Amino acid sequence: MGIWHGQAWGLAPAAVLGFSLLAIILFIVILVLKGYALWYSARRGEKWWFIIFLIVNTLGILELIYLIFVVKKWHTGMPSASSPSSSSSSPSPSSPSENAQG
């Protein structure tokens, strides 16, 4: 009889399956965070952030810090730096009665 992987560490098959599922879910979450961080850094023209995210693997920690504090992706009350502000430089449309007076 051969020894399976978990047996060498004294783990039950259910524990190995649980660790495997946890690793897969963690991998997917990290991949999504890295994708968001790379996309936002490229979109905002921040090449140094892009290079750091591309090369350094911090298990999603640096990506979360960037998305929360730099991009402010999940701050509902605060607009991000790349979003247009409410006071735009273009004039607001005026009513026809204002145009007739001026």
# chains A, B, ... in the order shown; residues from 1 in each chain; ligands from 1
>>> residues_around(residues="Trp39 in chain A", least_positions_apart="4", cutoff="12 Å", atoms="only C-alpha atoms", output="list in words")
Val32, Leu33, Lys34, Gly35, Arg43, Arg44, Gly45, Glu46, Lys47, Trp49, Phe50, Ile51, Phe53, Leu54, Glu63, Tyr66, Leu67 and Val71 of chain A
>>> write_last_selection(atoms="N, CA and C atoms", output="PDB file, in the first residue's frame")
ATOM      1  N   VAL A  32      -8.199  38.100  -8.473  1.00  0.00           N
ATOM      2  CA  VAL A  32      -9.145  39.182  -8.752  1.00  0.00           C
ATOM      3  C   VAL A  32      -8.609  40.514  -8.226  1.00  0.00           C
ATOM      4  N   LEU A  33      -8.068  40.508  -7.004  1.00  0.00           N
ATOM      5  CA  LEU A  33      -7.496  41.739  -6.444  1.00  0.00           C
ATOM      6  C   LEU A  33      -6.333  42.245  -7.292  1.00  0.00           C
ATOM      7  N   LYS A  34      -5.477  41.341  -7.722  1.00  0.00           N
ATOM      8  CA  LYS A  34      -4.341  41.734  -8.552  1.00  0.00           C
ATOM      9  C   LYS A  34      -4.834  42.302  -9.885  1.00  0.00           C
ATOM     10  N   GLY A  35      -5.853  41.694 -10.459  1.00  0.00           N
ATOM     11  CA  GLY A  35      -6.418  42.200 -11.704  1.00  0.00           C
ATOM     12  C   GLY A  35      -6.987  43.597 -11.560  1.00  0.00           C
ATOM     13  N   ARG A  43      -5.037  52.297 -15.835  1.00  0.00           N
ATOM     14  CA  ARG A  43      -6.036  53.270 -16.251  1.00  0.00           C
ATOM     15  C   ARG A  43      -5.689  54.670 -15.749  1.00  0.00           C
ATOM     16  N   ARG A  44      -5.110  54.738 -14.549  1.00  0.00           N
ATOM     17  CA  ARG A  44      -4.755  56.035 -13.969  1.00  0.00           C
ATOM     18  C   ARG A  44      -3.367  56.497 -14.392  1.00  0.00           C
ATOM     19  N   GLY A  45      -2.649  55.696 -15.181  1.00  0.00           N
ATOM     20  CA  GLY A  45      -1.333  56.080 -15.673  1.00  0.00           C
ATOM     21  C   GLY A  45      -0.241  56.007 -14.619  1.00  0.00           C
ATOM     22  N   GLU A  46      -0.417  55.190 -13.614  1.00  0.00           N
ATOM     23  CA  GLU A  46       0.562  55.057 -12.536  1.00  0.00           C
ATOM     24  C   GLU A  46       1.465  53.859 -12.821  1.00  0.00           C
ATOM     25  N   LYS A  47       2.508  54.093 -13.638  1.00  0.00           N
ATOM     26  CA  LYS A  47       3.318  52.979 -14.122  1.00  0.00           C
ATOM     27  C   LYS A  47       4.105  52.293 -13.007  1.00  0.00           C
ATOM     28  N   TRP A  49       3.175  51.834  -9.810  1.00  0.00           N
ATOM     29  CA  TRP A  49       2.272  50.905  -9.133  1.00  0.00           C
ATOM     30  C   TRP A  49       2.060  49.668  -9.995  1.00  0.00           C
ATOM     31  N   PHE A  50       1.874  49.862 -11.300  1.00  0.00           N
ATOM     32  CA  PHE A  50       1.654  48.739 -12.209  1.00  0.00           C
ATOM     33  C   PHE A  50       2.835  47.773 -12.166  1.00  0.00           C
ATOM     34  N   ILE A  51       4.043  48.300 -12.237  1.00  0.00           N
ATOM     35  CA  ILE A  51       5.244  47.457 -12.212  1.00  0.00           C
ATOM     36  C   ILE A  51       5.349  46.698 -10.887  1.00  0.00           C
ATOM     37  N   PHE A  53       2.882  45.845  -8.830  1.00  0.00           N
ATOM     38  CA  PHE A  53       1.860  44.793  -8.785  1.00  0.00           C
ATOM     39  C   PHE A  53       2.204  43.626  -9.704  1.00  0.00           C
ATOM     40  N   LEU A  54       2.834  43.924 -10.813  1.00  0.00           N
ATOM     41  CA  LEU A  54       3.181  42.884 -11.771  1.00  0.00           C
ATOM     42  C   LEU A  54       4.297  41.986 -11.263  1.00  0.00           C
ATOM     43  N   GLU A  63      -2.257  44.995  -2.909  1.00  0.00           N
ATOM     44  CA  GLU A  63      -3.351  45.332  -3.811  1.00  0.00           C
ATOM     45  C   GLU A  63      -4.531  45.918  -3.043  1.00  0.00           C
ATOM     46  N   TYR A  66      -3.695  49.466  -1.968  1.00  0.00           N
ATOM     47  CA  TYR A  66      -3.793  50.375  -3.116  1.00  0.00           C
ATOM     48  C   TYR A  66      -5.253  50.680  -3.453  1.00  0.00           C
ATOM     49  N   LEU A  67      -6.079  49.639  -3.523  1.00  0.00           N
ATOM     50  CA  LEU A  67      -7.469  49.841  -3.921  1.00  0.00           C
ATOM     51  C   LEU A  67      -8.263  50.606  -2.868  1.00  0.00           C
ATOM     52  N   VAL A  71      -6.838  54.365  -4.576  1.00  0.00           N
ATOM     53  CA  VAL A  71      -7.928  54.513  -5.536  1.00  0.00           C
ATOM     54  C   VAL A  71      -9.233  54.855  -4.825  1.00  0.00           C
TER      55      VAL A  71
END
>>> atom_distance(atom1="CA of Leu64 in chain A", atom2="CA of Leu17 in chain A")
27.7 Å
>>> select_by_dssp(residues="range 29-76 of chain A", states="alpha helix (DSSP H)", output="mmCIF file with C-alpha atoms, in the first residue's frame")
data_model
loop_
_atom_site.group_PDB
_atom_site.id
_atom_site.type_symbol
_atom_site.label_atom_id
_atom_site.label_comp_id
_atom_site.auth_asym_id
_atom_site.auth_seq_id
_atom_site.Cartn_x
_atom_site.Cartn_y
_atom_site.Cartn_z
ATOM 1 C CA VAL A 29 -9.524 36.174 -4.553
ATOM 2 C CA ILE A 30 -5.859 37.175 -4.888
ATOM 3 C CA LEU A 31 -6.071 36.923 -8.673
ATOM 4 C CA VAL A 32 -9.145 39.182 -8.752
ATOM 5 C CA LEU A 33 -7.496 41.739 -6.444
ATOM 6 C CA LYS A 34 -4.341 41.734 -8.552
ATOM 7 C CA GLY A 35 -6.418 42.200 -11.704
ATOM 8 C CA TYR A 36 -8.314 45.159 -10.235
ATOM 9 C CA ALA A 37 -5.120 46.767 -8.964
ATOM 10 C CA LEU A 38 -3.321 46.314 -12.300
ATOM 11 C CA TRP A 39 -6.315 47.628 -14.221
ATOM 12 C CA TYR A 40 -6.757 50.720 -12.048
ATOM 13 C CA SER A 41 -3.039 51.537 -12.001
ATOM 14 C CA ALA A 42 -2.852 51.261 -15.805
ATOM 15 C CA ARG A 43 -6.036 53.270 -16.251
ATOM 16 C CA LYS A 47 3.318 52.979 -14.122
ATOM 17 C CA TRP A 48 5.287 52.397 -10.881
ATOM 18 C CA TRP A 49 2.272 50.905 -9.133
ATOM 19 C CA PHE A 50 1.654 48.739 -12.209
ATOM 20 C CA ILE A 51 5.244 47.457 -12.212
ATOM 21 C CA ILE A 52 5.133 46.730 -8.472
ATOM 22 C CA PHE A 53 1.860 44.793 -8.785
ATOM 23 C CA LEU A 54 3.181 42.884 -11.771
ATOM 24 C CA ILE A 55 6.444 41.801 -10.129
ATOM 25 C CA ILE A 61 -2.188 42.753 0.796
ATOM 26 C CA LEU A 62 -0.531 45.487 -1.283
ATOM 27 C CA GLU A 63 -3.351 45.332 -3.811
ATOM 28 C CA LEU A 64 -5.944 45.856 -1.055
ATOM 29 C CA ILE A 65 -3.992 48.798 0.354
#
>>> atom_distance(atom1="CA of Lys72 in chain A", atom2="CA of Ile25 in chain A")
24.5 Å
>>> atom_distance(atom1="CA of Val56 in chain A", atom2="CA of Val70 in chain A")
17.7 Å
